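Written below as C-alpha coordinates is the structure these notes are about.
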Amino acid sequence: MFRHILVPTDGSPLSLRAVKMALKVARAHRARVTAFHVIAPFVPVAYMEGVIPYPELYSPTEYKRAAEAGARRLLERVARRAATTRVRCNTAFAMSDAPWRAIIRAARGKRCDLIVMSSHGRTGLGAVVLGSVTTKVLTHSKIPVLVCR
(Lines give C-alpha, C1' and ligand atoms only; values in the text may rest on other atoms or scores of the structure.)
Protein backbone atom coordinates (compact mmCIF):
# COMPACT_ATOMS: atom_id res chain seq x y z
CA MET A 1 0.00 0.00 0.00
CA PHE A 2 2.71 2.51 0.97
CA ARG A 3 5.83 2.83 -1.17
CA HIS A 4 7.69 5.85 0.19
CA ILE A 5 7.44 7.20 3.75
CA LEU A 6 8.77 10.54 4.95
CA VAL A 7 9.74 10.64 8.62
CA PRO A 8 10.68 14.08 9.96
CA THR A 9 12.96 13.94 12.98
CA ASP A 10 14.59 16.40 15.33
CA GLY A 11 16.54 13.74 17.22
CA SER A 12 14.34 13.88 20.32
CA PRO A 13 13.28 10.63 21.98
CA LEU A 14 9.71 11.28 20.84
CA SER A 15 10.69 11.77 17.20
CA LEU A 16 12.82 8.63 17.38
CA ARG A 17 9.68 6.70 18.34
CA ALA A 18 8.15 7.97 15.09
CA VAL A 19 11.27 6.75 13.25
CA LYS A 20 10.80 3.32 14.81
CA MET A 21 7.14 3.27 13.72
CA ALA A 22 8.00 4.46 10.20
CA LEU A 23 10.53 1.64 9.87
CA LYS A 24 7.96 -0.92 11.05
CA VAL A 25 5.40 0.33 8.54
CA ALA A 26 8.02 0.45 5.78
CA ARG A 27 9.15 -3.09 6.51
CA ALA A 28 5.57 -4.38 6.50
CA HIS A 29 4.82 -2.66 3.16
CA ARG A 30 8.27 -3.15 1.61
CA ALA A 31 8.47 0.62 1.34
CA ARG A 32 11.43 2.93 1.47
CA VAL A 33 11.92 5.74 3.97
CA THR A 34 13.29 9.23 3.72
CA ALA A 35 14.46 10.62 7.05
CA PHE A 36 14.07 14.41 7.02
CA HIS A 37 15.33 17.16 9.30
CA VAL A 38 14.45 20.85 9.29
CA ILE A 39 17.14 23.32 10.31
CA ALA A 40 16.04 26.62 11.83
CA PRO A 41 17.50 29.59 9.95
CA PHE A 42 20.23 31.75 11.43
CA VAL A 43 18.81 34.61 13.51
CA PRO A 44 21.23 37.21 14.85
CA VAL A 45 20.69 38.25 18.44
CA ALA A 46 19.62 41.88 18.72
CA TYR A 47 19.55 44.27 21.63
CA MET A 48 18.34 47.84 22.06
CA GLU A 49 21.34 49.47 20.38
CA GLY A 50 21.57 47.09 17.45
CA VAL A 51 22.89 43.68 16.57
CA ILE A 52 25.41 42.01 18.87
CA PRO A 53 28.69 41.55 16.99
CA TYR A 54 29.33 37.83 16.57
CA PRO A 55 32.68 36.12 16.62
CA GLU A 56 33.39 34.07 13.48
CA LEU A 57 31.98 30.94 15.15
CA TYR A 58 28.52 32.48 15.12
CA SER A 59 28.54 33.91 11.61
CA PRO A 60 25.73 32.83 9.28
CA THR A 61 28.23 30.76 7.31
CA GLU A 62 29.56 28.99 10.39
CA TYR A 63 26.02 28.45 11.69
CA LYS A 64 24.95 26.88 8.40
CA ARG A 65 28.01 24.64 8.30
CA ALA A 66 27.51 23.48 11.92
CA ALA A 67 23.75 23.00 11.52
CA GLU A 68 24.17 20.95 8.35
CA ALA A 69 26.86 18.80 9.98
CA GLY A 70 24.52 18.21 12.93
CA ALA A 71 21.67 17.31 10.58
CA ARG A 72 23.87 14.82 8.74
CA ARG A 73 24.91 13.16 12.02
CA LEU A 74 21.29 12.95 13.18
CA LEU A 75 20.08 11.54 9.88
CA GLU A 76 22.94 9.07 9.70
CA ARG A 77 21.75 7.54 12.99
CA VAL A 78 18.32 7.03 11.41
CA ALA A 79 19.89 5.52 8.28
CA ARG A 80 21.91 3.07 10.42
CA ARG A 81 18.75 2.09 12.29
CA ALA A 82 16.98 1.54 8.96
CA ALA A 83 19.85 -0.62 7.71
CA THR A 84 19.54 -2.90 10.75
CA THR A 85 15.85 -3.43 9.90
CA ARG A 86 16.65 -3.88 6.19
CA VAL A 87 14.63 -0.86 5.09
CA ARG A 88 15.96 1.32 2.28
CA CYS A 89 16.54 4.80 3.64
CA ASN A 90 17.53 8.12 2.12
CA THR A 91 18.16 11.26 4.10
CA ALA A 92 17.46 14.93 3.43
CA PHE A 93 17.38 18.22 5.26
CA ALA A 94 16.24 21.74 4.56
CA MET A 95 16.51 25.11 6.25
CA SER A 96 13.17 26.76 6.98
CA ASP A 97 11.50 29.00 9.52
CA ALA A 98 8.25 27.07 8.92
CA PRO A 99 9.09 23.39 9.55
CA TRP A 100 5.59 22.22 8.64
CA ARG A 101 5.91 23.78 5.18
CA ALA A 102 9.33 22.21 4.67
CA ILE A 103 7.96 18.80 5.68
CA ILE A 104 5.03 19.00 3.26
CA ARG A 105 7.28 20.35 0.48
CA ALA A 106 9.75 17.50 1.02
CA ALA A 107 6.99 14.87 1.04
CA ARG A 108 5.54 16.23 -2.20
CA GLY A 109 8.93 16.69 -3.85
CA LYS A 110 10.03 13.17 -3.00
CA ARG A 111 6.63 11.73 -3.97
CA CYS A 112 6.01 10.21 -0.54
CA ASP A 113 2.64 8.59 0.08
CA LEU A 114 2.81 8.71 3.90
CA ILE A 115 4.28 11.03 6.52
CA VAL A 116 5.02 9.50 9.92
CA MET A 117 5.73 11.99 12.70
CA SER A 118 5.44 12.44 16.42
CA SER A 119 3.36 14.77 18.54
CA HIS A 120 3.78 15.93 22.11
CA GLY A 121 0.01 16.07 22.42
CA ARG A 122 0.00 19.59 23.85
CA THR A 123 -3.36 21.19 24.36
CA GLY A 124 -4.65 24.50 25.60
CA LEU A 125 -2.21 27.33 26.19
CA GLY A 126 0.82 25.12 25.56
CA ALA A 127 -0.41 24.35 22.05
CA VAL A 128 -1.22 28.01 21.39
CA VAL A 129 2.11 29.35 22.67
CA LEU A 130 4.39 26.65 21.25
CA GLY A 131 2.34 25.87 18.16
CA SER A 132 2.32 22.42 16.71
CA VAL A 133 4.22 21.41 13.63
CA THR A 134 2.27 18.16 13.60
CA THR A 135 -1.09 19.95 13.70
CA LYS A 136 -0.06 22.21 10.83
CA VAL A 137 1.13 19.25 8.76
CA LEU A 138 -2.15 17.44 9.47
CA THR A 139 -4.15 20.52 8.52
CA HIS A 140 -2.32 21.37 5.29
CA SER A 141 -1.05 18.05 3.91
CA LYS A 142 -2.92 16.16 1.24
CA ILE A 143 -0.64 13.20 1.96
CA PRO A 144 -1.80 10.87 4.77
CA VAL A 145 -0.10 11.50 8.13
CA LEU A 146 0.43 8.88 10.83
CA VAL A 147 0.96 10.55 14.22
CA CYS A 148 2.85 8.76 17.00
CA ARG A 149 2.73 9.72 20.66
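Going through the C-alpha coordinates in order, the chains are called A, B, and so on, while each chain numbers its residues from 1 and the ligands are numbered from 1 in the order shown.
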Skipping near chain neighbours, those fewer than 6 positions away, what residues fall within 10 Å of Val25 (chain A) using only C-alpha atoms, listed as an mmCIF file with N, CA and C atoms, in the first residue's frame?
data_model
loop_
_atom_site.group_PDB
_atom_site.id
_atom_site.type_symbol
_atom_site.label_atom_id
_atom_site.label_comp_id
_atom_site.auth_asym_id
_atom_site.auth_seq_id
_atom_site.Cartn_x
_atom_site.Cartn_y
_atom_site.Cartn_z
ATOM 1 N N PHE A 2 1.812 1.360 0.936
ATOM 2 C CA PHE A 2 2.712 2.512 0.966
ATOM 3 C C PHE A 2 4.022 2.139 0.294
ATOM 4 N N ILE A 5 7.862 6.564 2.496
ATOM 5 C CA ILE A 5 7.443 7.197 3.749
ATOM 6 C C ILE A 5 8.446 8.285 4.135
ATOM 7 N N VAL A 19 10.343 7.430 14.169
ATOM 8 C CA VAL A 19 11.272 6.754 13.252
ATOM 9 C C VAL A 19 11.063 5.244 13.365
ATOM 10 N N ALA A 31 8.326 -0.772 1.795
ATOM 11 C CA ALA A 31 8.466 0.616 1.339
ATOM 12 C C ALA A 31 9.858 1.134 1.672
ATOM 13 N N ARG A 32 10.186 2.264 1.113
ATOM 14 C CA ARG A 32 11.435 2.926 1.475
ATOM 15 C C ARG A 32 11.105 4.138 2.335
ATOM 16 N N VAL A 33 12.098 4.625 3.030
ATOM 17 C CA VAL A 33 11.922 5.738 3.967
ATOM 18 C C VAL A 33 12.885 6.862 3.602
ATOM 19 N N VAL A 87 15.530 -1.787 5.786
ATOM 20 C CA VAL A 87 14.635 -0.855 5.095
ATOM 21 C C VAL A 87 15.507 0.137 4.340
ATOM 22 N N LEU A 114 3.131 8.702 2.475
ATOM 23 C CA LEU A 114 2.806 8.712 3.902
ATOM 24 C C LEU A 114 3.855 9.535 4.635
ATOM 25 N N VAL A 116 5.127 10.030 8.562
ATOM 26 C CA VAL A 116 5.023 9.502 9.924
ATOM 27 C C VAL A 116 5.789 10.463 10.823
#
Legend entry - Those of region 18-120 of chain A in DSSP helix (DSSP H, G or I), formatted as JSON, numbers by chain: {"A": [18, 19, 20, 21, 22, 23, 24, 25, 26, 27, 28, 29, 56, 57, 58, 60, 61, 62, 63, 64, 65, 66, 67, 68, 69, 70, 71, 72, 73, 74, 75, 76, 77, 78, 79, 80, 81, 82, 83, 84, 99, 100, 101, 102, 103, 104, 105, 106, 107, 108, 109]}
Just to be explicit: take each residue in the selection above, keep N, CA and C atoms, and write the result as a short mmCIF file (atom, residue, chain, number, x, y, z; two decimals), in the first residue's frame.
data_model
loop_
_atom_site.label_atom_id
_atom_site.label_comp_id
_atom_site.auth_asym_id
_atom_site.auth_seq_id
_atom_site.Cartn_x
_atom_site.Cartn_y
_atom_site.Cartn_z
N ALA A 18 8.79 7.89 16.41
CA ALA A 18 8.15 7.97 15.09
C ALA A 18 9.03 7.29 14.04
N VAL A 19 10.34 7.43 14.17
CA VAL A 19 11.27 6.75 13.25
C VAL A 19 11.06 5.24 13.36
N LYS A 20 11.00 4.76 14.58
CA LYS A 20 10.80 3.32 14.81
C LYS A 20 9.50 2.85 14.16
N MET A 21 8.43 3.63 14.32
CA MET A 21 7.14 3.27 13.72
C MET A 21 7.22 3.32 12.20
N ALA A 22 7.87 4.34 11.66
CA ALA A 22 8.00 4.46 10.20
C ALA A 22 8.74 3.25 9.63
N LEU A 23 9.77 2.80 10.34
CA LEU A 23 10.53 1.64 9.87
C LEU A 23 9.68 0.37 9.93
N LYS A 24 8.86 0.24 10.96
CA LYS A 24 7.96 -0.92 11.05
C LYS A 24 6.97 -0.93 9.89
N VAL A 25 6.37 0.22 9.63
CA VAL A 25 5.40 0.33 8.54
C VAL A 25 6.10 0.06 7.20
N ALA A 26 7.27 0.64 7.03
CA ALA A 26 8.02 0.45 5.78
C ALA A 26 8.36 -1.02 5.57
N ARG A 27 8.80 -1.67 6.62
CA ARG A 27 9.15 -3.09 6.51
C ARG A 27 7.93 -3.92 6.14
N ALA A 28 6.81 -3.63 6.77
CA ALA A 28 5.57 -4.38 6.50
C ALA A 28 5.07 -4.17 5.07
N HIS A 29 5.31 -2.99 4.51
CA HIS A 29 4.82 -2.66 3.16
C HIS A 29 5.91 -2.73 2.10
N GLU A 56 33.49 34.87 14.72
CA GLU A 56 33.39 34.07 13.48
C GLU A 56 32.59 32.78 13.69
N LEU A 57 32.70 32.19 14.87
CA LEU A 57 31.98 30.94 15.15
C LEU A 57 30.48 31.10 14.96
N TYR A 58 29.96 32.28 15.19
CA TYR A 58 28.52 32.48 15.12
C TYR A 58 28.09 33.23 13.86
N PRO A 60 26.72 33.63 10.02
CA PRO A 60 25.73 32.83 9.28
C PRO A 60 26.37 31.64 8.55
N THR A 61 27.55 31.84 8.02
CA THR A 61 28.23 30.76 7.31
C THR A 61 28.61 29.63 8.25
N GLU A 62 29.18 29.99 9.41
CA GLU A 62 29.56 28.99 10.39
C GLU A 62 28.32 28.29 10.96
N TYR A 63 27.26 29.05 11.19
CA TYR A 63 26.02 28.45 11.69
C TYR A 63 25.50 27.41 10.70
N LYS A 64 25.46 27.79 9.43
CA LYS A 64 24.95 26.88 8.40
C LYS A 64 25.80 25.62 8.34
N ARG A 65 27.11 25.78 8.36
CA ARG A 65 28.01 24.64 8.30
C ARG A 65 27.79 23.71 9.50
N ALA A 66 27.70 24.28 10.71
CA ALA A 66 27.51 23.48 11.92
C ALA A 66 26.13 22.82 11.94
N ALA A 67 25.11 23.56 11.53
CA ALA A 67 23.75 23.00 11.52
C ALA A 67 23.62 21.87 10.52
N GLU A 68 24.22 22.02 9.36
CA GLU A 68 24.17 20.95 8.35
C GLU A 68 24.95 19.72 8.80
N ALA A 69 26.08 19.94 9.46
CA ALA A 69 26.86 18.80 9.98
C ALA A 69 26.05 18.06 11.05
N GLY A 70 25.37 18.82 11.91
CA GLY A 70 24.52 18.21 12.93
C GLY A 70 23.37 17.43 12.31
N ALA A 71 22.77 17.99 11.27
CA ALA A 71 21.67 17.31 10.58
C ALA A 71 22.16 16.00 9.96
N ARG A 72 23.33 16.05 9.34
CA ARG A 72 23.87 14.82 8.74
C ARG A 72 24.12 13.74 9.78
N ARG A 73 24.67 14.14 10.95
CA ARG A 73 24.91 13.16 12.02
C ARG A 73 23.59 12.55 12.51
N LEU A 74 22.60 13.40 12.73
CA LEU A 74 21.29 12.95 13.18
C LEU A 74 20.67 11.99 12.17
N LEU A 75 20.70 12.36 10.92
CA LEU A 75 20.08 11.54 9.88
C LEU A 75 20.85 10.24 9.64
N GLU A 76 22.14 10.29 9.84
CA GLU A 76 22.94 9.07 9.70
C GLU A 76 22.54 8.03 10.75
N ARG A 77 22.22 8.48 11.95
CA ARG A 77 21.75 7.54 12.99
C ARG A 77 20.46 6.86 12.54
N VAL A 78 19.57 7.62 11.92
CA VAL A 78 18.32 7.03 11.41
C VAL A 78 18.63 6.04 10.29
N ALA A 79 19.53 6.41 9.39
CA ALA A 79 19.89 5.52 8.28
C ALA A 79 20.50 4.21 8.80
N ARG A 80 21.33 4.29 9.84
CA ARG A 80 21.91 3.07 10.42
C ARG A 80 20.81 2.20 11.03
N ARG A 81 19.86 2.84 11.69
CA ARG A 81 18.75 2.09 12.29
C ARG A 81 17.93 1.41 11.18
N ALA A 82 17.72 2.11 10.09
CA ALA A 82 16.98 1.54 8.96
C ALA A 82 17.74 0.35 8.37
N ALA A 83 19.04 0.47 8.27
CA ALA A 83 19.85 -0.62 7.71
C ALA A 83 19.73 -1.88 8.56
N THR A 84 19.67 -1.71 9.88
CA THR A 84 19.54 -2.90 10.75
C THR A 84 18.18 -3.57 10.58
N PRO A 99 8.81 24.82 9.73
CA PRO A 99 9.09 23.39 9.55
C PRO A 99 7.95 22.62 8.89
N TRP A 100 6.72 22.95 9.22
CA TRP A 100 5.59 22.22 8.64
C TRP A 100 5.56 22.39 7.12
N ARG A 101 5.87 23.57 6.64
CA ARG A 101 5.91 23.78 5.18
C ARG A 101 7.03 22.97 4.54
N ALA A 102 8.19 22.96 5.20
CA ALA A 102 9.33 22.21 4.67
C ALA A 102 9.01 20.72 4.63
N ILE A 103 8.32 20.22 5.63
CA ILE A 103 7.96 18.80 5.68
C ILE A 103 7.01 18.45 4.53
N ILE A 104 5.99 19.26 4.35
CA ILE A 104 5.03 19.00 3.26
C ILE A 104 5.72 19.13 1.90
N ARG A 105 6.56 20.15 1.74
CA ARG A 105 7.28 20.35 0.48
C ARG A 105 8.18 19.15 0.19
N ALA A 106 8.87 18.65 1.21
CA ALA A 106 9.75 17.50 1.02
C ALA A 106 8.94 16.26 0.65
N ALA A 107 7.83 16.05 1.33
CA ALA A 107 6.99 14.87 1.04
C ALA A 107 6.47 14.91 -0.39
N ARG A 108 6.02 16.09 -0.81
CA ARG A 108 5.54 16.23 -2.20
C ARG A 108 6.69 16.04 -3.19
N GLY A 109 7.79 16.73 -2.93
CA GLY A 109 8.93 16.69 -3.85
C GLY A 109 9.52 15.31 -4.00
#
Inset, instruction - Name the closest residue to Arg149 (chain A) among the candidates A:Met1, A:Val38, A:Ala92, A:Met117; distances are taken between atoms, counting only C-alpha atoms. - result: A:Met117
Inset, instruction - Just give me the gap between CA of Val137 (chain A) and CA of Pro13 (chain A) in Å, one decimal is fine. - result: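 Those two atoms sit 19.9 Å apart.
Nearest-residue note for Ser141 (chain A): choosing from A:Thr9, A:Leu16, A:Asp113, A:His120, the minimum distance belongs to A:Asp113, counting only C-alpha atoms.
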Legend entry - Point-to-point distance from CA of Arg86 (chain A) to CA of Thr134 (chain A), Å rounded to tenths: 27.3 Å
Inset, instruction - Report the distance between CA of Leu138 (chain A) and CA of Leu14 (chain A) in Å, rounded to one decimal place. - result: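 According to the coordinates, CA of Leu138 (chain A) and CA of Leu14 (chain A) are separated by 17.6 Å.
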